[in-house]
There are 2 protein chains.
Amino acid sequence: MAGKGLIVSVSGPSGVGKGTILEAIRKRYPECKQSISVTTRAPRGTEQDGVEYYFRTREQFEQLLADGEILEYDEYVGNYYGTPLTPLIKATEAGDDILLDITIAGTLALEEKYPLAISIFILPPSFEQLAERLKGRGTETDELIKMRMEKAKEEILSAKKFDYVVVNDNLEEAVDNIVAIMKAERCRYERNEGIEKTL
Amino acid sequence: MAGKGLIVSVSGPSGVGKGTILEAIRKRYPECKQSISVTTRAPRGTEQDGVEYYFRTREQFEQLLADGEILEYDEYVGNYYGTPLTPLIKATEAGDDILLDITIAGTLALEEKYPLAISIFILPPSFEQLAERLKGRGTETDELIKMRMEKAKEEILSAKKFDYVVVNDNLEEAVDNIVAIMKAERCRYERNEGIEKTL
């Protein structure tokens, strides 16, 4: 079936296992692309514009921000790093699927600007299990874990703004669900508008 | 993930291979239920109300029709046969998934009354292939095939009112797509409303 590529954003609270899920999806589906960030830092070595990053001046970046072109951004050691929208849409028009690893706020900005984007929220099976996972890392103080849990509880309330919720009870099952969501979304009539007239 | 069962309706034009697809899905997913029709004919042998059919009087059936309770119906040898809505919704509330084999008009009536229903339209890869399949049956005259093709062309325009379109180019692929649609739909936030508050 013909049709444009998909933009899929997978988000969730800290500690929910999003990184492991994304890694498993990329392994199962290696042709899925990632987004390329735009940055104000200078290219290093053999880095090329549009490959590792889009390299822009500070003024250009601020213009992109003003144009609502940046879904989310951060400043790190004096340089901006952001996720631009237009290259994602262009990639899907060329038929590519994009799997995004962005924040909850970034996903909500994406949905607002491009409602065909697919937003998936990963939920922990329970708060207890989320706390266990945060403790399991073994690198954080009790105080920090408590703060993260408070933050996670707040973040989880955003689930209702997402298209899909996937409970990360079992890694294989969570990945199966996300792969099924991508397969199903390709069949949605709105992604195949007018197909009945092309037979 | 907790949640209600699904009502899935698979429709398409005559000759598209819907029967074979439904059979394959039922084989792969035997716990999926079918709808039970309501009829005005008398029970035979060991037939029980609510098992083979819901047995109703003509007056009761006409009341169900007047109440908008019948998605589609037909009259055969002086008796009504119809697909009632409420038992489907009750079954999904008990957690059952229902796979419906109803007409295009019946599916559109279902979507209107119960928007959470999942409507899938099966498309042929091309009109030529649809004509070939109709001829392939070998039981129909050229005139009848021509009439069926005209009807199919008209029916196919309804695809735009469906949630999903699945091209029946390859049986396995079409079935995979429908199974993925069911899996994905179980993850839609609207089917899991409030889940973020239950953790």
# chains A, B, ... in the order shown; residues from 1 in each chain; ligands from 1

$ interface_residues --of "chain A" --to "chain B" --cutoff "7 Å" --atoms "only C-alpha atoms" --output "ChimeraX atom specification"
/A:1,125-127,156-157,159-160,162-167,177,180-181,183-184,187-189,196,199

$ residues_around --residues "Asp97 in chain A" --least-positions-apart "6" --cutoff "8 Å" --atoms "only C-alpha atoms" --output "PyMOL selection string"
chain A and resi 5-8+31-33+91

$ write_last_selection --atoms "all heavy atoms" --output "PDB file, in the first residue's frame"
ATOM      1  N   GLY A   5       5.634   8.038   4.898  1.00  0.00           N
ATOM      2  CA  GLY A   5       6.244   7.415   6.069  1.00  0.00           C
ATOM      3  C   GLY A   5       5.595   7.911   7.353  1.00  0.00           C
ATOM      4  O   GLY A   5       4.759   8.808   7.339  1.00  0.00           O
ATOM      5  N   LEU A   6       5.988   7.310   8.441  1.00  0.00           N
ATOM      6  CA  LEU A   6       5.413   7.635   9.744  1.00  0.00           C
ATOM      7  C   LEU A   6       6.399   8.432  10.599  1.00  0.00           C
ATOM      8  O   LEU A   6       7.609   8.206  10.514  1.00  0.00           O
ATOM      9  CB  LEU A   6       5.101   6.350  10.510  1.00  0.00           C
ATOM     10  CG  LEU A   6       4.269   5.277   9.829  1.00  0.00           C
ATOM     11  CD1 LEU A   6       4.215   4.025  10.714  1.00  0.00           C
ATOM     12  CD2 LEU A   6       2.871   5.780   9.534  1.00  0.00           C
ATOM     13  N   ILE A   7       5.879   9.327  11.416  1.00  0.00           N
ATOM     14  CA  ILE A   7       6.683   9.930  12.485  1.00  0.00           C
ATOM     15  C   ILE A   7       6.133   9.363  13.789  1.00  0.00           C
ATOM     16  O   ILE A   7       4.956   9.559  14.107  1.00  0.00           O
ATOM     17  CB  ILE A   7       6.579  11.465  12.517  1.00  0.00           C
ATOM     18  CG1 ILE A   7       7.030  12.058  11.167  1.00  0.00           C
ATOM     19  CG2 ILE A   7       7.417  12.029  13.652  1.00  0.00           C
ATOM     20  CD1 ILE A   7       7.000  13.590  11.128  1.00  0.00           C
ATOM     21  N   VAL A   8       6.966   8.617  14.491  1.00  0.00           N
ATOM     22  CA  VAL A   8       6.533   7.965  15.723  1.00  0.00           C
ATOM     23  C   VAL A   8       7.364   8.507  16.876  1.00  0.00           C
ATOM     24  O   VAL A   8       8.596   8.456  16.831  1.00  0.00           O
ATOM     25  CB  VAL A   8       6.753   6.438  15.643  1.00  0.00           C
ATOM     26  CG1 VAL A   8       6.204   5.756  16.885  1.00  0.00           C
ATOM     27  CG2 VAL A   8       6.121   5.860  14.390  1.00  0.00           C
ATOM     28  N   GLU A  31      15.526  -0.152   9.289  1.00  0.00           N
ATOM     29  CA  GLU A  31      15.341   0.887   8.273  1.00  0.00           C
ATOM     30  C   GLU A  31      14.657   2.138   8.828  1.00  0.00           C
ATOM     31  O   GLU A  31      14.553   3.164   8.140  1.00  0.00           O
ATOM     32  CB  GLU A  31      14.587   0.337   7.051  1.00  0.00           C
ATOM     33  CG  GLU A  31      13.165  -0.125   7.299  1.00  0.00           C
ATOM     34  CD  GLU A  31      13.069  -1.573   7.812  1.00  0.00           C
ATOM     35  OE1 GLU A  31      13.979  -2.011   8.548  1.00  0.00           O
ATOM     36  OE2 GLU A  31      12.077  -2.242   7.480  1.00  0.00           O
ATOM     37  N   CYS A  32      14.206   2.061  10.083  1.00  0.00           N
ATOM     38  CA  CYS A  32      13.593   3.215  10.736  1.00  0.00           C
ATOM     39  C   CYS A  32      14.679   4.266  10.999  1.00  0.00           C
ATOM     40  O   CYS A  32      15.732   3.949  11.535  1.00  0.00           O
ATOM     41  CB  CYS A  32      12.986   2.750  12.064  1.00  0.00           C
ATOM     42  SG  CYS A  32      11.494   3.607  12.494  1.00  0.00           S
ATOM     43  N   LYS A  33      14.407   5.518  10.611  1.00  0.00           N
ATOM     44  CA  LYS A  33      15.405   6.577  10.779  1.00  0.00           C
ATOM     45  C   LYS A  33      15.251   7.287  12.135  1.00  0.00           C
ATOM     46  O   LYS A  33      14.198   7.224  12.755  1.00  0.00           O
ATOM     47  CB  LYS A  33      15.224   7.597   9.654  1.00  0.00           C
ATOM     48  CG  LYS A  33      15.344   6.992   8.249  1.00  0.00           C
ATOM     49  CD  LYS A  33      16.690   7.290   7.640  1.00  0.00           C
ATOM     50  CE  LYS A  33      17.019   6.333   6.499  1.00  0.00           C
ATOM     51  NZ  LYS A  33      16.197   6.545   5.299  1.00  0.00           N
ATOM     52  N   ALA A  91      11.239  13.939   5.287  1.00  0.00           N
ATOM     53  CA  ALA A  91      11.675  12.531   5.254  1.00  0.00           C
ATOM     54  C   ALA A  91      10.467  11.605   5.078  1.00  0.00           C
ATOM     55  O   ALA A  91      10.518  10.654   4.296  1.00  0.00           O
ATOM     56  CB  ALA A  91      12.434  12.184   6.536  1.00  0.00           C
TER      57      ALA A  91
END

$ select_by_dssp --residues "range 56-163 of chain B" --states "strand (DSSP E)" --output "PyMOL selection string"
chain B and resi 70-76+79-84+98-100+118-123

$ select_by_dssp --residues "range 25-153 of chain A" --states "alpha helix (DSSP H)" --output "ChimeraX atom specification"
/A:25-28,58-66,86-93,104-113,127-136,142-153

$ write_last_selection --atoms "C-alpha atoms" --output "PDB file, in the first residue's frame"
ATOM      1  CA  ILE A  25      12.596  -1.442  18.015  1.00  0.00           C
ATOM      2  CA  ARG A  26      15.618  -0.171  16.058  1.00  0.00           C
ATOM      3  CA  LYS A  27      17.107  -3.657  16.121  1.00  0.00           C
ATOM      4  CA  ARG A  28      13.879  -5.167  14.834  1.00  0.00           C
ATOM      5  CA  ARG A  58      23.087  31.211  16.696  1.00  0.00           C
ATOM      6  CA  GLU A  59      21.025  33.746  14.728  1.00  0.00           C
ATOM      7  CA  GLN A  60      19.689  31.076  12.391  1.00  0.00           C
ATOM      8  CA  PHE A  61      18.786  28.841  15.351  1.00  0.00           C
ATOM      9  CA  GLU A  62      16.957  31.663  17.070  1.00  0.00           C
ATOM     10  CA  GLN A  63      15.064  32.342  13.865  1.00  0.00           C
ATOM     11  CA  LEU A  64      14.035  28.655  13.697  1.00  0.00           C
ATOM     12  CA  LEU A  65      12.855  28.914  17.298  1.00  0.00           C
ATOM     13  CA  ALA A  66      10.865  32.061  16.523  1.00  0.00           C
ATOM     14  CA  THR A  86      10.490  20.316   8.685  1.00  0.00           C
ATOM     15  CA  PRO A  87      13.228  17.735   7.948  1.00  0.00           C
ATOM     16  CA  LEU A  88      11.049  15.104   9.653  1.00  0.00           C
ATOM     17  CA  ILE A  89       8.063  15.908   7.455  1.00  0.00           C
ATOM     18  CA  LYS A  90      10.260  15.929   4.328  1.00  0.00           C
ATOM     19  CA  ALA A  91      11.675  12.531   5.254  1.00  0.00           C
ATOM     20  CA  THR A  92       8.185  11.043   5.627  1.00  0.00           C
ATOM     21  CA  GLU A  93       7.206  12.523   2.253  1.00  0.00           C
ATOM     22  CA  ILE A 104       6.921  14.607  26.595  1.00  0.00           C
ATOM     23  CA  ALA A 105       6.762  18.358  25.925  1.00  0.00           C
ATOM     24  CA  GLY A 106       8.498  17.853  22.567  1.00  0.00           C
ATOM     25  CA  THR A 107       5.943  15.206  21.592  1.00  0.00           C
ATOM     26  CA  LEU A 108       3.037  17.450  22.521  1.00  0.00           C
ATOM     27  CA  ALA A 109       4.563  20.264  20.408  1.00  0.00           C
ATOM     28  CA  LEU A 110       4.929  17.770  17.540  1.00  0.00           C
ATOM     29  CA  GLU A 111       1.278  16.621  17.785  1.00  0.00           C
ATOM     30  CA  GLU A 112       0.121  20.224  17.732  1.00  0.00           C
ATOM     31  CA  LYS A 113       2.089  21.091  14.598  1.00  0.00           C
ATOM     32  CA  PHE A 127       4.576   3.191  40.663  1.00  0.00           C
ATOM     33  CA  GLU A 128       6.172   0.575  42.929  1.00  0.00           C
ATOM     34  CA  GLN A 129       7.875  -1.026  39.954  1.00  0.00           C
ATOM     35  CA  LEU A 130       9.008   2.354  38.666  1.00  0.00           C
ATOM     36  CA  ALA A 131      10.551   3.096  42.076  1.00  0.00           C
ATOM     37  CA  GLU A 132      12.238  -0.331  42.035  1.00  0.00           C
ATOM     38  CA  ARG A 133      13.757   0.388  38.634  1.00  0.00           C
ATOM     39  CA  LEU A 134      15.043   3.777  39.717  1.00  0.00           C
ATOM     40  CA  LYS A 135      16.577   2.205  42.835  1.00  0.00           C
ATOM     41  CA  GLY A 136      17.927  -0.660  40.736  1.00  0.00           C
ATOM     42  CA  ASP A 142      17.199   8.224  48.162  1.00  0.00           C
ATOM     43  CA  GLU A 143      16.535  11.946  47.955  1.00  0.00           C
ATOM     44  CA  LEU A 144      17.091  11.929  44.173  1.00  0.00           C
ATOM     45  CA  ILE A 145      14.895   8.848  43.710  1.00  0.00           C
ATOM     46  CA  LYS A 146      12.134  10.540  45.675  1.00  0.00           C
ATOM     47  CA  MET A 147      12.414  13.634  43.484  1.00  0.00           C
ATOM     48  CA  ARG A 148      12.335  11.524  40.327  1.00  0.00           C
ATOM     49  CA  MET A 149       9.250   9.666  41.523  1.00  0.00           C
ATOM     50  CA  GLU A 150       7.484  12.958  42.177  1.00  0.00           C
ATOM     51  CA  LYS A 151       8.433  14.109  38.694  1.00  0.00           C
ATOM     52  CA  ALA A 152       7.317  10.778  37.154  1.00  0.00           C
ATOM     53  CA  LYS A 153       3.919  11.003  38.864  1.00  0.00           C
TER      54      LYS A 153
END

$ closest_residue --among "A:Lys4, A:Ala24, A:Pro30, A:Tyr80" --to "Glu172 in chain A" --atoms "only C-alpha atoms"
A:Ala24

$ atom_distance --atom1 "CA of Ser35 in chain B" --atom2 "CA of Glu173 in chain A"
29.0 Å

$ closest_residue --among "B:Glu69, B:Ser37, B:Leu100, B:Glu23" --to "Ile118 in chain B" --atoms "only C-alpha atoms"
B:Leu100

$ atom_distance --atom1 "CA of Ser119 in chain A" --atom2 "CA of Ile70 in chain A"
17.2 Å

$ atom_distance --atom1 "CA of Gly95 in chain B" --atom2 "CA of Val10 in chain A"
27.4 Å
